[in-house]
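> Contents are mmCIF, C-alpha atoms; file name data-v3.cif:
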data_final
#
loop_
_atom_site.label_atom_id
_atom_site.label_comp_id
_atom_site.auth_asym_id
_atom_site.auth_seq_id
_atom_site.Cartn_x
_atom_site.Cartn_y
_atom_site.Cartn_z
CA MET A 1 30.92 -14.11 9.26
CA SER A 2 29.44 -11.75 11.82
CA LEU A 3 27.87 -8.54 10.54
CA ALA A 4 28.54 -5.72 12.99
CA LEU A 5 25.80 -3.26 13.92
CA ALA A 6 27.07 0.28 14.11
CA GLY A 7 26.13 1.93 17.37
CA CYS A 8 25.24 -1.31 19.16
CA SER A 9 26.62 -2.15 22.55
CA SER A 10 29.85 -4.10 22.45
CA GLY A 11 29.47 -7.83 22.91
CA SER A 12 26.25 -9.73 22.31
CA GLN A 13 23.87 -10.77 25.05
CA PRO A 14 24.67 -14.20 26.55
CA ALA A 15 22.78 -17.26 25.45
CA VAL A 16 19.97 -18.28 27.76
CA THR A 17 20.67 -21.35 29.90
CA PRO A 18 17.35 -22.64 31.23
CA THR A 19 17.11 -23.37 34.95
CA PRO A 20 14.87 -26.07 36.44
CA THR A 21 12.55 -23.38 37.83
CA GLN A 22 11.97 -21.57 34.51
CA SER A 23 8.76 -22.20 32.61
CA PRO A 24 8.87 -22.47 28.79
CA SER A 25 7.27 -19.01 28.55
CA GLU A 26 9.95 -17.55 30.83
CA ILE A 27 12.66 -19.17 28.70
CA ALA A 28 11.11 -17.66 25.56
CA THR A 29 10.90 -14.21 27.15
CA ALA A 30 14.53 -14.37 28.31
CA SER A 31 15.58 -15.31 24.75
CA LEU A 32 14.09 -12.21 23.11
CA LEU A 33 16.27 -9.47 21.71
CA THR A 34 16.48 -6.38 23.89
CA LEU A 35 17.21 -2.72 23.19
CA ASP A 36 20.86 -3.45 23.99
CA ASP A 37 20.97 -5.40 20.72
CA PHE A 38 19.94 -2.32 18.70
CA PRO A 39 21.70 0.92 17.78
CA ASP A 40 20.79 4.15 19.53
CA GLY A 41 17.45 5.61 18.50
CA TRP A 42 15.43 2.39 18.69
CA LYS A 43 12.64 1.74 21.19
CA LYS A 44 10.24 -1.06 22.05
CA ARG A 45 6.84 -0.77 20.44
CA THR A 46 3.49 -1.86 21.83
CA LEU A 47 2.64 -5.21 20.28
CA ARG A 48 -0.10 -5.17 17.66
CA GLN A 49 -3.18 -7.00 18.84
CA ALA A 50 -4.44 -9.69 16.48
CA ASP A 51 -7.59 -8.47 14.75
CA GLY A 52 -8.70 -11.77 13.27
CA THR A 53 -8.02 -10.69 9.67
CA ASP A 54 -4.73 -12.55 9.18
CA PRO A 55 -4.97 -15.36 6.62
CA ALA A 56 -5.61 -18.73 8.18
CA CYS A 57 -2.98 -21.44 7.77
CA ASP A 58 -2.50 -24.91 9.16
CA ASP A 59 -2.17 -25.09 12.92
CA PRO A 60 1.44 -24.87 14.17
CA PRO A 61 3.16 -27.61 16.17
CA ALA A 62 2.16 -27.67 19.83
CA VAL A 63 3.87 -24.77 21.60
CA ALA A 64 5.16 -24.97 25.17
CA GLY A 65 6.03 -21.26 25.53
CA ARG A 66 5.99 -18.12 23.42
CA ALA A 67 7.18 -14.51 23.67
CA GLU A 68 7.14 -11.58 21.24
CA ALA A 69 8.66 -8.11 21.01
CA ASP A 70 8.46 -5.29 18.47
CA PHE A 71 11.08 -2.56 18.05
CA GLU A 72 10.93 0.63 16.02
CA SER A 73 12.99 3.61 14.92
CA GLU A 74 12.28 6.62 12.74
CA VAL A 75 14.85 5.42 10.19
CA ARG A 76 14.12 1.72 9.76
CA LYS A 77 10.51 1.63 10.96
CA SER A 78 10.19 -1.68 12.80
CA VAL A 79 11.50 -5.16 13.57
CA SER A 80 9.26 -7.93 14.92
CA HIS A 81 10.82 -10.77 16.92
CA SER A 82 9.13 -13.88 18.29
CA VAL A 83 10.57 -16.84 20.18
CA VAL A 84 8.77 -20.15 20.60
CA VAL A 85 9.82 -23.00 22.91
CA PHE A 86 8.80 -26.62 22.31
CA GLN A 87 9.10 -29.94 24.07
CA ASN A 88 11.64 -31.25 21.56
CA GLU A 89 13.94 -30.20 18.71
CA ALA A 90 11.83 -31.88 16.01
CA SER A 91 8.91 -29.56 16.83
CA ALA A 92 11.20 -26.52 16.68
CA GLN A 93 12.36 -27.55 13.20
CA ALA A 94 8.77 -28.16 12.13
CA TYR A 95 7.79 -24.70 13.37
CA SER A 96 10.37 -23.03 11.13
CA GLU A 97 8.82 -24.80 8.15
CA TRP A 98 5.33 -23.85 9.33
CA ALA A 99 6.38 -20.18 9.50
CA LYS A 100 7.55 -20.28 5.88
CA GLN A 101 4.25 -21.80 4.85
CA GLY A 102 2.52 -18.95 6.67
CA HIS A 103 4.26 -16.48 4.38
CA ARG A 104 2.78 -18.36 1.43
CA CYS A 105 -0.68 -18.30 2.96
CA PHE A 106 -0.29 -14.53 3.21
CA ALA A 107 0.82 -14.31 -0.45
CA GLN A 108 -2.13 -16.43 -1.51
CA ALA A 109 -4.50 -14.14 0.37
CA ILE A 110 -3.01 -11.21 -1.57
CA GLU A 111 -3.56 -12.99 -4.87
CA GLU A 112 -7.17 -13.75 -3.94
CA GLY A 113 -7.85 -10.15 -2.89
CA LYS A 114 -8.67 -11.12 0.69
CA LEU A 115 -6.62 -8.27 2.13
CA ASP A 116 -8.12 -5.54 -0.07
CA THR A 117 -10.07 -2.80 1.64
CA ASN A 118 -12.00 0.22 0.39
CA GLY A 119 -9.52 2.21 -1.66
CA THR A 120 -6.49 -0.05 -1.00
CA THR A 121 -5.58 -3.15 -3.00
CA PHE A 122 -2.65 -5.58 -2.89
CA SER A 123 -1.31 -7.64 -5.79
CA ASP A 124 1.58 -9.49 -7.46
CA PRO A 125 3.26 -11.24 -4.50
CA ASP A 126 6.65 -12.74 -5.30
CA PHE A 127 9.27 -14.51 -3.19
CA GLU A 128 13.04 -14.15 -3.44
CA PRO A 129 15.52 -16.40 -1.62
CA VAL A 130 18.24 -14.74 0.47
CA ASP A 131 21.81 -16.06 0.30
CA LEU A 132 23.10 -16.64 3.83
CA THR A 133 26.45 -18.10 2.81
CA GLY A 134 28.96 -17.38 5.57
CA VAL A 135 26.24 -16.64 8.13
CA ALA A 136 25.61 -18.79 11.21
CA ASP A 137 24.12 -22.23 10.58
CA GLY A 138 20.49 -22.70 11.57
CA LEU A 139 19.13 -19.62 9.78
CA THR A 140 16.91 -19.38 6.69
CA ALA A 141 15.65 -16.21 5.02
CA GLU A 142 13.45 -15.02 2.19
CA VAL A 143 11.98 -11.79 0.86
CA LEU A 144 8.32 -11.23 -0.04
CA ARG A 145 7.50 -8.42 -2.47
CA TYR A 146 4.03 -7.22 -3.41
CA ASP A 147 2.36 -4.09 -4.76
CA MET A 148 0.03 -1.84 -2.80
CA ARG A 149 -2.29 0.69 -4.42
CA SER A 150 -4.25 3.34 -2.55
CA GLY A 151 -6.80 5.37 -4.47
CA ILE A 152 -5.45 6.83 -7.71
CA ALA A 153 -1.84 6.99 -6.48
CA PRO A 154 0.75 4.87 -8.33
CA ALA A 155 1.43 1.44 -6.90
CA SER A 156 4.18 1.18 -4.31
CA SER A 157 6.27 -1.92 -3.68
CA VAL A 158 6.20 -3.47 -0.21
CA VAL A 159 9.29 -5.56 0.59
CA THR A 160 9.48 -7.71 3.73
CA LEU A 161 12.46 -9.75 4.87
CA TYR A 162 11.70 -12.83 6.98
CA ILE A 163 14.37 -14.76 8.86
CA GLU A 164 13.72 -17.96 10.79
CA GLY A 165 16.10 -19.90 12.98
CA HIS A 166 16.08 -22.73 15.49
CA ARG A 167 18.41 -24.26 18.01
CA ARG A 168 17.57 -27.33 20.05
CA ALA A 169 13.94 -27.02 21.22
CA SER A 170 13.54 -23.28 20.48
CA SER A 171 12.70 -21.39 17.30
CA PHE A 172 12.57 -17.70 16.42
CA SER A 173 11.25 -15.46 13.66
CA LEU A 174 12.31 -11.96 12.65
CA ALA A 175 10.52 -9.70 10.16
CA MET A 176 11.27 -6.23 8.82
CA PHE A 177 10.01 -4.01 6.01
CA LEU A 178 12.94 -3.02 3.79
CA SER A 179 13.34 0.60 2.75
CA PRO A 180 13.52 1.02 -1.06
CA ALA A 181 16.57 3.25 -0.70
CA ARG A 182 18.40 1.00 1.80
CA GLN A 183 17.48 -2.57 0.96
CA ALA A 184 21.02 -3.98 1.11
CA GLU A 185 21.78 -2.08 4.32
CA ASP A 186 18.51 -3.18 5.90
CA ARG A 187 19.12 -6.81 4.93
CA ASN A 188 22.53 -6.81 6.57
CA PHE A 189 21.06 -5.14 9.64
CA LEU A 190 18.40 -7.83 10.11
CA ILE A 191 20.80 -10.69 9.35
CA ALA A 192 23.11 -9.40 12.08
CA LEU A 193 20.17 -9.26 14.49
CA ALA A 194 19.25 -12.82 13.49
CA GLU A 195 22.72 -14.03 14.41
CA ARG A 196 22.30 -12.40 17.81
CA ALA A 197 18.82 -13.90 18.19
CA LEU A 198 20.21 -17.34 17.42
CA GLU A 199 22.94 -16.89 20.04
CA ARG A 200 20.29 -16.05 22.64
CA LEU A 201 18.31 -19.26 22.19
CA GLY A 202 18.59 -21.76 25.02
CA THR A 203 21.68 -23.88 25.48
CA ASP A 204 22.23 -27.23 27.10
#
Let's see the structure in the file written out as structure tokens.

Amino acid sequence: MSLALAGCSSGSQPAVTPTPTQSPSEIATASLLTLDDFPDGWKKRTLRQADGTDPACDDPPAVAGRAEADFESEVRKSVSHSVVVFQNEASAQAYSEWAKQGHRCFAQAIEEGKLDTNGTTFSDPDFEPVDLTGVADGLTAEVLRYDMRSGIAPASSVVTLYIEGHRRASSFSLAMFLSPARQAEDRNFLIALAERALERLGTD
């Protein structure tokens, strides 16, 4: 089952076929989603620089090449996409599992109060599996929910959908905050993007 994206260009981008002259990093960059994969009104966003405050997890499998891109719109805020290329398929599969463990490291940091700042606290992380029946093989997804409190304002719920996928020696991750009023719509939107991202991974 392919979930159509209203307003997107017709036809998905072709899968990337590596050439002998391409480096792993070039293959990863060529496999990223582009603005052609998004409806009108989206734009590329400057990548957030790591500030050293992300929770530490186990080291990932050795990476041969990596590329990242962030996209944003006024309606759905943002989508983060990363592609990682490895020397073999086993490492790509292991990376997908490592990414899931990273979500749990983040949840643990919330529980331990490591992300709290002056006036803002985070609590009650909870995971929810996402049913991908009928969607392309090679994808896994889950939702992380947690509460955020700022000052004396009531707590708000933060909901993030993560989708991981791999094909051959490449792996990708997608992440998106879900709008409380459009959670089902946003889920379908990101799942459709994930199918396109999977198509763009390298082929033999």
> Applied to the shown file, which residues does the PyMOL selection byres ((chain A and resi 162) around 10) return, written as a ChimeraX atom specification?
/A:80,99-100,103,130,140-144,159-161,163-164,173-177,187,190-191,194
> Report the distance between atom CA of Pro60 of chain A and atom CA of Ser25 of chain A in Å, rounded to one decimal place.
16.6 Å
> Running the PyMOL selection byres ((chain A and resi 73) around 12) on this model by hand, what would come out? Give it as a short mmCIF file (atom, residue, chain, number, x, y, z; two decimals) with C-alpha atoms, in the frame of the given file.

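Dumped to expr06.cif:
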data_model
loop_
_atom_site.label_atom_id
_atom_site.label_comp_id
_atom_site.auth_asym_id
_atom_site.auth_seq_id
_atom_site.Cartn_x
_atom_site.Cartn_y
_atom_site.Cartn_z
CA LEU A 35 17.21 -2.72 23.19
CA PHE A 38 19.94 -2.32 18.70
CA PRO A 39 21.70 0.92 17.78
CA ASP A 40 20.79 4.15 19.53
CA GLY A 41 17.45 5.61 18.50
CA TRP A 42 15.43 2.39 18.69
CA LYS A 43 12.64 1.74 21.19
CA LYS A 44 10.24 -1.06 22.05
CA ARG A 45 6.84 -0.77 20.44
CA ASP A 70 8.46 -5.29 18.47
CA PHE A 71 11.08 -2.56 18.05
CA GLU A 72 10.93 0.63 16.02
CA GLU A 74 12.28 6.62 12.74
CA VAL A 75 14.85 5.42 10.19
CA ARG A 76 14.12 1.72 9.76
CA LYS A 77 10.51 1.63 10.96
CA SER A 78 10.19 -1.68 12.80
CA VAL A 79 11.50 -5.16 13.57
CA MET A 176 11.27 -6.23 8.82
#
> Apply the PyMOL selection byres ((chain A and resi 33) around 8) to the file shown and report the selected residues as a list in words.
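Checked against the file, the PyMOL selection byres ((chain A and resi 33) around 8) matches Ser31, Leu32, Thr34, Leu35, Asp36, Asp37, Ala69, His81, Arg196, Ala197 and Arg200 of chain A.
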> Around all of segment 109-115 of chain A's listed atoms, make the axis-aligned box with 6 Å on each side and tell me centre and edge lengths in Å to one decimal, as JSON.

{"center_x": -5.8, "center_y": -11.2, "center_z": -1.4, "size_x": 17.7, "size_y": 17.9, "size_z": 19.0}
> Have a look at A:Val63, A:Val83, A:Met148, A:Val158 and name the one nearest to Phe127 of chain A; count only C-alpha atoms.
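Selected residue with least distance to Phe127 of chain A: A:Val158.
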> Of the candidates A:Ala192, A:Leu115, A:Ala107, A:Ala153, which one gets nearest to Leu132 of chain A if we count only C-alpha atoms?
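Comparing A:Ala192, A:Leu115, A:Ala107, A:Ala153 against Leu132 of chain A, the winner is A:Ala192.
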> Looking at A:Ser171, A:Gln183, A:Arg149, A:Leu201, which one is nearest to Thr117 of chain A, with distances taken over all atoms listed in the file?
A:Arg149
> Find the residue from A:Glu68, A:Glu185, A:Asp131, A:Asp124 that sits nearest to Gln108 of chain A; use all atoms listed in the file when measuring.
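Under the stated criterion, the closest residue is A:Asp124.
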> For Phe86 of chain A, find every residue with an atom within 8 Å (counting all atoms listed in the file), except residues of its own chain fewer than 3 positions away, and show them as a PDB file with C-alpha atoms, keeping the file's coordinate frame.

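Contents of out19.pdb, freshly written:
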ATOM      1  CA  PRO A  24       8.870 -22.470  28.790  1.00  0.00           C
ATOM      2  CA  ALA A  62       2.160 -27.670  19.830  1.00  0.00           C
ATOM      3  CA  VAL A  63       3.870 -24.770  21.600  1.00  0.00           C
ATOM      4  CA  ALA A  64       5.160 -24.970  25.170  1.00  0.00           C
ATOM      5  CA  GLY A  65       6.030 -21.260  25.530  1.00  0.00           C
ATOM      6  CA  GLU A  89      13.940 -30.200  18.710  1.00  0.00           C
ATOM      7  CA  SER A  91       8.910 -29.560  16.830  1.00  0.00           C
ATOM      8  CA  ALA A  92      11.200 -26.520  16.680  1.00  0.00           C
ATOM      9  CA  ALA A 169      13.940 -27.020  21.220  1.00  0.00           C
ATOM     10  CA  SER A 170      13.540 -23.280  20.480  1.00  0.00           C
TER      11      SER A 170
END
> Enter the distance from atom CA of Gly119 of chain A to atom CA of Ser150 of chain A, in Å, rounded to one decimal.
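Atom-to-atom, atom CA of Gly119 of chain A to atom CA of Ser150 of chain A, that is 5.5 Å.
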> How many Å separate atom CA of Glu26 of chain A from atom CA of Asp59 of chain A?
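Answer for the atom CA of Glu26 of chain A to atom CA of Asp59 of chain A separation: 22.9 Å.
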> Which one of A:Pro61, A:Thr21, A:Asp186, A:Gly138 sits closest to Ala90 of chain A if you count only C-alpha atoms?
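Among A:Pro61, A:Thr21, A:Asp186, A:Gly138, it is A:Pro61 that comes nearest to Ala90 of chain A.
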> Of the candidates A:Glu112, A:Ser157, A:Asn188, A:Thr29, which one gets nearest to Ser82 of chain A if we count all atoms listed in the file?
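That would be A:Thr29, the residue with the smallest distance to Ser82 of chain A.
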